[in-house]
>>> print(open('work19.txt').read())   # compact mmCIF, C-alpha atoms
# COMPACT_ATOMS: atom_id res chain seq x y z
CA MET M 1 276.27 -30.56 79.91
CA LYS M 2 276.99 -33.90 78.22
CA ILE M 3 280.11 -34.52 76.14
CA SER M 4 281.28 -37.81 74.65
CA GLY M 5 279.13 -39.92 76.96
CA LEU M 6 279.93 -38.13 80.22
CA THR M 7 277.83 -35.54 82.07
CA SER M 8 279.51 -32.63 83.82
CA ILE M 9 278.99 -31.12 87.24
CA TYR M 10 279.66 -27.49 88.14
CA HIS M 11 282.72 -27.35 90.35
CA LYS M 12 283.51 -23.65 90.74
CA LEU M 13 282.53 -20.17 89.50
CA VAL M 14 284.58 -16.97 89.47
CA PHE M 15 283.71 -13.45 88.33
CA GLU M 16 286.47 -10.85 88.21
CA VAL M 17 286.77 -7.21 87.19
CA ARG M 18 290.09 -5.37 86.86
CA TYR M 19 290.28 -1.60 86.64
CA ASP M 20 292.46 1.49 86.52
CA PHE M 21 292.25 4.42 88.94
CA GLY M 22 290.86 2.38 91.83
CA LEU M 23 292.97 4.00 94.53
CA LEU M 24 289.90 5.44 96.24
CA TYR M 25 289.97 1.96 97.81
CA LEU M 26 292.64 3.28 100.19
CA ASP M 27 290.23 5.94 101.50
CA ARG M 28 286.93 4.06 101.25
CA CYS M 29 287.75 0.44 102.01
CA GLY M 30 286.08 0.50 105.41
CA ALA M 31 283.07 2.49 104.24
CA THR M 32 282.56 0.14 101.30
CA ALA M 33 282.82 -2.99 103.44
CA ASN M 34 280.48 -1.51 106.04
CA ARG M 35 277.90 -0.59 103.40
CA ILE M 36 277.99 -4.12 101.96
CA MET M 37 277.53 -5.72 105.40
CA GLU M 38 274.84 -3.27 106.51
CA THR M 39 272.88 -3.71 103.27
CA PHE M 40 273.35 -7.48 103.08
CA PRO M 41 273.90 -8.91 106.62
CA GLU M 42 274.88 -12.32 105.27
CA TRP M 43 278.23 -10.83 104.19
CA VAL M 44 280.92 -10.72 106.92
CA LEU M 45 284.63 -9.95 107.02
CA GLN M 46 286.81 -13.01 106.64
CA ASP M 47 289.43 -13.51 109.35
CA GLU M 48 289.73 -9.75 110.01
CA SER M 49 292.33 -9.57 107.26
CA VAL M 50 291.45 -6.21 105.70
CA ASN M 51 294.61 -4.42 104.53
CA PRO M 52 295.73 -1.75 102.01
CA GLN M 53 295.84 -4.38 99.24
CA ASN M 54 292.66 -6.38 99.79
CA ALA M 55 289.42 -6.64 101.78
CA PRO M 56 288.03 -10.20 101.82
CA LEU M 57 284.42 -10.95 102.75
CA ILE M 58 282.40 -14.16 102.77
CA ASN M 59 278.70 -14.82 102.41
CA VAL M 60 277.89 -17.09 105.34
CA THR M 61 274.72 -18.49 103.80
CA THR M 62 276.17 -19.52 100.43
CA GLY M 63 279.94 -19.70 100.92
CA THR M 64 280.64 -17.15 98.17
CA HIS M 65 283.94 -15.31 98.69
CA PHE M 66 284.42 -11.67 97.70
CA ASN M 67 287.68 -9.71 97.54
CA PHE M 68 288.22 -6.12 96.47
CA GLY M 69 291.18 -3.77 96.34
CA GLY M 70 292.73 -0.94 94.37
CA LEU M 71 293.28 -2.99 91.21
CA LYS M 72 290.42 -5.51 91.01
CA TYR M 73 287.52 -7.26 92.70
CA ASP M 74 286.45 -10.87 92.38
CA PHE M 75 283.78 -13.31 93.55
CA ASN M 76 284.26 -17.08 93.75
CA LEU M 77 281.95 -19.94 94.69
CA ASP M 78 283.10 -23.54 95.23
CA GLN M 79 281.00 -26.68 95.39
CA PRO M 80 279.01 -26.55 98.65
CA ILE M 81 279.41 -29.08 101.44
CA ARG M 82 276.07 -30.79 101.30
CA GLU M 83 274.39 -33.81 99.81
CA GLU M 84 274.27 -32.56 96.22
CA ALA M 85 277.28 -33.48 94.14
CA ALA M 86 277.71 -30.05 92.60
CA LEU M 87 276.56 -26.48 92.39
CA THR M 88 272.87 -26.40 91.51
CA PRO M 89 271.07 -24.02 89.11
CA GLU M 90 269.74 -22.25 92.20
CA ASP M 91 273.30 -21.80 93.52
CA ILE M 92 274.33 -20.29 90.20
CA LYS M 93 271.32 -17.97 90.10
CA SER M 94 272.12 -16.84 93.65
CA PHE M 95 275.77 -16.25 92.73
CA PHE M 96 274.75 -14.05 89.80
CA ALA M 97 272.46 -12.01 92.07
CA GLN M 98 275.17 -11.57 94.72
CA VAL M 99 277.69 -10.42 92.15
CA ASP M 100 275.23 -7.91 90.74
CA SER M 101 274.19 -6.39 94.07
CA VAL M 102 277.62 -6.18 95.71
CA SER M 103 279.48 -4.97 92.61
CA ARG M 104 277.04 -2.05 92.31
CA ILE M 105 278.12 -0.84 95.75
CA VAL M 106 281.82 -1.21 94.91
CA HIS M 107 281.43 0.70 91.63
CA GLU M 108 279.65 3.54 93.42
CA GLU M 109 281.99 3.78 96.40
CA LEU M 110 285.22 3.53 94.40
CA GLU M 111 283.81 5.57 91.47
CA LEU M 112 285.01 2.98 88.96
CA LYS M 113 284.88 4.05 85.31
CA HIS M 114 287.97 2.64 83.57
CA PHE M 115 288.04 -1.16 83.26
CA THR M 116 290.86 -3.32 81.90
CA ARG M 117 289.25 -6.76 82.06
CA GLU M 118 285.95 -8.50 82.83
CA GLY M 119 286.04 -12.26 83.22
CA PHE M 120 283.74 -15.13 84.13
CA ARG M 121 285.33 -18.53 84.75
CA VAL M 122 283.60 -21.90 85.10
CA TRP M 123 285.15 -25.21 86.12
CA TYR M 124 283.31 -28.35 84.92
CA VAL M 125 284.18 -31.85 86.16
CA PHE M 126 283.39 -34.99 84.16
CA GLY M 127 283.68 -38.02 86.46
CA THR M 128 285.62 -41.13 85.40
CA GLN M 129 286.61 -44.40 87.06
CA SER M 130 290.38 -44.05 86.75
CA GLU M 131 293.20 -41.80 85.58
CA GLU M 132 293.62 -44.02 82.52
CA GLU M 133 289.95 -43.57 81.61
CA SER M 134 290.35 -39.80 81.98
CA HIS M 135 293.20 -39.71 79.46
CA LYS M 136 291.33 -41.98 77.05
CA TRP M 137 288.30 -39.69 77.26
CA ILE M 138 290.44 -36.62 76.51
CA SER M 139 291.88 -38.41 73.49
CA SER M 140 288.38 -39.42 72.36
CA LEU M 141 287.37 -35.77 72.04
CA GLY M 142 289.22 -35.72 68.74
CA VAL M 143 290.49 -32.16 69.22
CA PHE M 144 293.87 -32.55 70.89
CA LYS M 145 296.77 -34.58 69.53
CA ILE M 146 300.33 -35.01 70.78
CA GLY M 147 302.83 -36.42 68.31
CA GLU M 148 304.71 -39.61 69.15
CA SER M 149 307.98 -37.76 68.63
CA LEU M 150 307.65 -35.99 71.97
CA PRO M 151 307.82 -38.99 74.34
CA LYS M 152 310.19 -40.78 71.95
CA ALA M 153 312.65 -37.90 72.20
CA PHE M 154 312.96 -38.70 75.91
CA SER M 155 312.98 -42.47 75.32
CA GLY M 156 309.76 -42.74 77.30
CA THR M 157 305.98 -42.91 77.11
CA LEU M 158 303.34 -40.21 77.60
CA ASP M 159 302.16 -40.39 81.21
CA ASN M 160 299.92 -37.32 81.51
CA HIS M 161 298.69 -34.55 79.27
CA GLY M 162 296.63 -31.39 79.49
CA HIS M 163 295.65 -28.87 76.84
CA VAL M 164 294.99 -25.12 76.70
CA VAL M 165 293.54 -23.10 73.80
CA VAL M 166 292.32 -19.52 73.48
CA VAL M 167 289.42 -18.80 71.11
CA ASN M 168 288.78 -15.24 69.96
CA ALA M 169 285.00 -15.06 69.50
CA LYS M 170 283.03 -12.09 68.18
CA ASP M 171 282.59 -10.17 71.44
CA ARG M 172 284.77 -12.02 73.98
CA LYS M 173 287.60 -14.50 74.28
CA PHE M 174 287.50 -18.01 75.74
CA ARG M 175 290.48 -19.67 77.36
CA ILE M 176 289.72 -23.41 77.51
CA SER M 177 291.81 -25.82 79.56
CA VAL M 178 291.28 -29.59 79.60
CA THR M 179 293.15 -31.79 82.08
CA ALA M 180 292.78 -35.00 84.10
CA VAL M 181 292.26 -34.48 87.84
CA GLU M 182 292.17 -36.54 91.00
CA ARG M 183 289.99 -35.45 93.93
CA THR M 184 292.46 -35.88 96.76
CA GLU M 185 295.10 -33.77 95.06
CA GLN M 186 293.42 -31.24 92.83
CA LEU M 187 289.74 -30.75 93.56
CA ASP M 188 288.95 -28.01 96.06
CA ILE M 189 285.84 -29.04 98.04
CA GLY M 190 284.95 -25.53 99.13
CA SER M 191 284.96 -25.95 102.91
CA HIS M 192 285.88 -22.37 103.83
CA ILE M 193 282.49 -21.69 105.39
CA LEU M 194 283.51 -23.95 108.29
CA ARG M 195 286.26 -21.52 109.27
CA ILE M 196 283.90 -18.77 110.34
CA ILE M 197 284.26 -18.00 114.06
CA PRO M 198 280.72 -17.82 115.57
CA ARG M 199 281.47 -15.25 118.26
CA LYS M 200 282.55 -12.73 115.60
CA LEU M 201 279.16 -12.70 113.88
CA PRO M 202 276.68 -9.89 114.62
CA ALA M 203 273.61 -10.99 116.57
CA LYS M 204 271.29 -10.89 113.54
CA GLN M 205 273.57 -13.30 111.68
CA ARG M 206 273.87 -16.03 114.32
CA GLU M 207 271.19 -18.15 112.71
CA VAL M 208 273.85 -19.24 110.23
CA LEU M 209 275.31 -21.36 113.03
CA VAL M 210 272.56 -23.87 112.42
CA GLU M 211 273.76 -24.27 108.84
CA LYS M 212 277.33 -24.53 110.01
CA LEU M 213 276.55 -27.41 112.36
CA LYS M 214 274.69 -29.19 109.59
CA ALA M 215 277.61 -28.68 107.22
CA LYS M 216 279.93 -30.53 109.59
CA ARG M 217 277.84 -33.64 109.11
CA ARG M 218 277.67 -33.47 105.33
CA LEU M 219 279.87 -35.11 102.72
CA LEU M 220 280.52 -33.92 99.21
CA ALA M 221 279.97 -36.63 96.60
CA ASN M 222 282.81 -35.83 94.19
CA PRO M 223 284.13 -38.33 91.68
CA SER M 224 287.54 -39.72 92.68
CA TYR M 225 288.85 -39.23 89.14
CA GLY M 226 287.72 -37.01 86.35
CA VAL M 227 288.49 -34.49 83.63
CA MET M 228 288.37 -30.80 84.42
CA ILE M 229 287.31 -28.43 81.67
CA ASP M 230 288.10 -24.92 82.85
CA VAL M 231 286.66 -22.14 80.68
CA ASP M 232 287.52 -18.48 81.22
CA ALA M 233 285.35 -16.08 79.21
CA TYR M 234 286.71 -12.54 79.21
CA ILE M 235 286.70 -9.11 77.60
CA GLU M 236 289.71 -6.82 77.58
CA ARG M 237 289.04 -3.11 78.05
CA PRO M 238 285.23 -3.36 78.41
CA ILE M 239 283.38 -0.06 78.18
CA GLU M 240 281.00 -0.95 81.00
CA ILE M 241 280.36 -3.80 83.41
CA ALA M 242 277.02 -5.66 83.32
CA PRO M 243 277.73 -8.79 85.41
CA VAL M 244 274.48 -10.75 85.04
CA ASP M 245 274.26 -10.20 81.30
CA PHE M 246 277.92 -11.10 80.77
CA MET M 247 277.79 -14.26 82.91
CA THR M 248 274.46 -15.44 81.53
CA ARG M 249 275.55 -15.03 77.92
CA SER M 250 278.99 -16.53 78.58
CA ILE M 251 277.69 -19.71 80.20
CA GLN M 252 275.11 -20.06 77.43
CA MET M 253 277.82 -19.79 74.76
CA ILE M 254 280.08 -22.23 76.60
CA GLU M 255 277.43 -24.91 77.05
CA GLU M 256 276.15 -24.61 73.49
CA SER M 257 279.62 -24.62 71.92
CA LEU M 258 281.64 -27.22 73.85
CA PRO M 259 279.47 -30.24 72.91
CA ILE M 260 279.72 -29.16 69.28
CA ALA M 261 283.47 -28.62 69.47
CA PHE M 262 284.24 -31.99 71.05
CA SER M 263 283.31 -35.06 69.06
CA GLY M 264 280.78 -37.38 70.66
CA GLY M 265 279.10 -34.55 72.59
CA GLY M 266 275.70 -32.98 72.54
CA SER M 267 273.62 -36.01 73.48
>>> encode(input="work19.txt", output="structure tokens")
Amino acid sequence: MKISGLTSIYHKLVFEVRYDFGLLYLDRCGATANRIMETFPEWVLQDESVNPQNAPLINVTTGTHFNFGGLKYDFNLDQPIREEAALTPEDIKSFFAQVDSVSRIVHEELELKHFTREGFRVWYVFGTQSEEESHKWISSLGVFKIGESLPKAFSGTLDNHGHVVVVNAKDRKFRISVTAVERTEQLDIGSHILRIIPRKLPAKQREVLVEKLKAKRRLLANPSYGVMIDVDAYIERPIEIAPVDFMTRSIQMIEESLPIAFSGGGS
């Protein structure tokens, strides 16, 4: 996606579903986790930290994290540690497929029927050369304006600024956050896959060790400075959950609308 002369990279994806009456988790946590791992061997328990509140798993081939409990479940995927600078279309397609397949098992095992929120969140990074350039680029979007009276009231100058808006569209809401970021302080490089302990993996999963050793030798080419546009698309009280359809339509709406919304975009 290109906006005001800069092209974005995908930094992170999250899909989350919140629900009522999910307390079957307390009885079926182990059975649900076992079914996921037996059906899809690339999923393993993370750090043996299953408890009454949460059961975290990780996909050792993609680095996708999955957590589920009595109140919600969520998937998240960070930028991979490899030569590409960002998540690729293939990574995103794989994430959608993983969400769809694993969430089906969770819905069946926990008998989920009453949902309070469905959300899909995307973090985009637009690389810049400096913090000053980041702030100038935000100002150039022509959407956000901070009056001079604010810094003057403190007898100072504006040093940093971020912006958050919520748009109520026809069938979902969009929470849009725009802020300057610096890699060493704020950009998560998604290295959790390196924390997997090899001896804990079942025999049929040990081939992932090859990928782990390769990952240790890879660097992630992130921009040192940039602007993060974080968009959370969500529905409150959805009647049903259709992850692939919701994520596909949401990302389409985001990437069609943002260049139009921000001046200088779309080319």
>>> closest_residue(input="work19.txt", among="M:Glu42, M:Asp78, M:Asp27, M:Glu240", to="Val60 of chain M", atoms="all atoms listed in the file")
M:Glu42
>>> residues_near_point(input="work19.txt", point="(285.8, 3.3, 94.6)", cutoff="9 Å", atoms="all atoms listed in the file", output="list in words")
Phe21, Gly22, Leu23, Leu24, Tyr25, Leu26, Asp27, Arg28, Cys29, Thr32, Gly70, Ile105, Val106, His107, Glu108, Glu109, Leu110, Glu111 and Leu112 of chain M
>>> closest_residue(input="work19.txt", among="M:Ile239, M:Ile229, M:Val14, M:Ile254", to="Phe120 of chain M", atoms="only C-alpha atoms")
M:Val14
>>> closest_residue(input="work19.txt", among="M:Ala97, M:Leu258, M:Val17, M:Val44", to="Asp74 of chain M", atoms="only C-alpha atoms")
M:Val17
>>> axis_aligned_box(input="work19.txt", around="segment 138-143 of chain M", padding_each_side="3 Å", output="lines of an AutoDock Vina configuration file")
center_x = 289.6
center_y = -35.8
center_z = 72.6
size_x = 10.5
size_y = 13.3
size_z = 13.8
>>> closest_residue(input="work19.txt", among="M:Gly127, M:Gly156, M:Pro151, M:Gly162", to="Val227 of chain M", atoms="only C-alpha atoms")
M:Gly127
>>> closest_residue(input="work19.txt", among="M:Glu255, M:Val122, M:Thr116, M:Thr64", to="Thr7 of chain M", atoms="only C-alpha atoms")
M:Glu255
>>> atom_distance(input="work19.txt", atom1="atom CA of Arg249 of chain M", atom2="atom CA of Ala233 of chain M")
9.9 Å
>>> closest_residue(input="work19.txt", among="M:Glu132, M:Glu16, M:Glu118, M:Glu38", to="Asp159 of chain M", atoms="all atoms listed in the file")
M:Glu132
>>> build_atoms(input="work19.txt", residues="segment 60-71 of chain M", atoms="N, CA and C atoms", output="PDB file, in the coordinates of the input")
ATOM      1  N   VAL M  60     277.981 -15.940 104.446  1.00  0.00           N
ATOM      2  CA  VAL M  60     277.890 -17.090 105.340  1.00  0.00           C
ATOM      3  C   VAL M  60     276.726 -18.011 105.030  1.00  0.00           C
ATOM      4  N   THR M  61     275.827 -17.602 104.156  1.00  0.00           N
ATOM      5  CA  THR M  61     274.720 -18.490 103.800  1.00  0.00           C
ATOM      6  C   THR M  61     275.002 -19.305 102.538  1.00  0.00           C
ATOM      7  N   THR M  62     275.890 -18.810 101.679  1.00  0.00           N
ATOM      8  CA  THR M  62     276.170 -19.520 100.430  1.00  0.00           C
ATOM      9  C   THR M  62     277.611 -19.968 100.287  1.00  0.00           C
ATOM     10  N   GLY M  63     278.528 -19.361 101.052  1.00  0.00           N
ATOM     11  CA  GLY M  63     279.940 -19.700 100.920  1.00  0.00           C
ATOM     12  C   GLY M  63     280.651 -18.929  99.825  1.00  0.00           C
ATOM     13  N   THR M  64     279.992 -17.965  99.194  1.00  0.00           N
ATOM     14  CA  THR M  64     280.640 -17.150  98.170  1.00  0.00           C
ATOM     15  C   THR M  64     281.689 -16.255  98.812  1.00  0.00           C
ATOM     16  N   HIS M  65     282.862 -16.179  98.209  1.00  0.00           N
ATOM     17  CA  HIS M  65     283.940 -15.310  98.690  1.00  0.00           C
ATOM     18  C   HIS M  65     283.995 -14.067  97.804  1.00  0.00           C
ATOM     19  N   PHE M  66     284.287 -12.919  98.427  1.00  0.00           N
ATOM     20  CA  PHE M  66     284.420 -11.670  97.700  1.00  0.00           C
ATOM     21  C   PHE M  66     285.668 -10.944  98.175  1.00  0.00           C
ATOM     22  N   ASN M  67     286.487 -10.481  97.232  1.00  0.00           N
ATOM     23  CA  ASN M  67     287.680  -9.710  97.540  1.00  0.00           C
ATOM     24  C   ASN M  67     287.683  -8.446  96.681  1.00  0.00           C
ATOM     25  N   PHE M  68     288.081  -7.325  97.271  1.00  0.00           N
ATOM     26  CA  PHE M  68     288.220  -6.120  96.470  1.00  0.00           C
ATOM     27  C   PHE M  68     289.408  -5.305  96.951  1.00  0.00           C
ATOM     28  N   GLY M  69     290.014  -4.584  96.016  1.00  0.00           N
ATOM     29  CA  GLY M  69     291.180  -3.770  96.340  1.00  0.00           C
ATOM     30  C   GLY M  69     291.314  -2.645  95.333  1.00  0.00           C
ATOM     31  N   GLY M  70     292.510  -2.076  95.239  1.00  0.00           N
ATOM     32  CA  GLY M  70     292.730  -0.940  94.370  1.00  0.00           C
ATOM     33  C   GLY M  70     292.873  -1.284  92.907  1.00  0.00           C
ATOM     34  N   LEU M  71     293.051  -2.575  92.590  1.00  0.00           N
ATOM     35  CA  LEU M  71     293.280  -2.990  91.210  1.00  0.00           C
ATOM     36  C   LEU M  71     292.167  -3.867  90.637  1.00  0.00           C
TER      37      LEU M  71
END
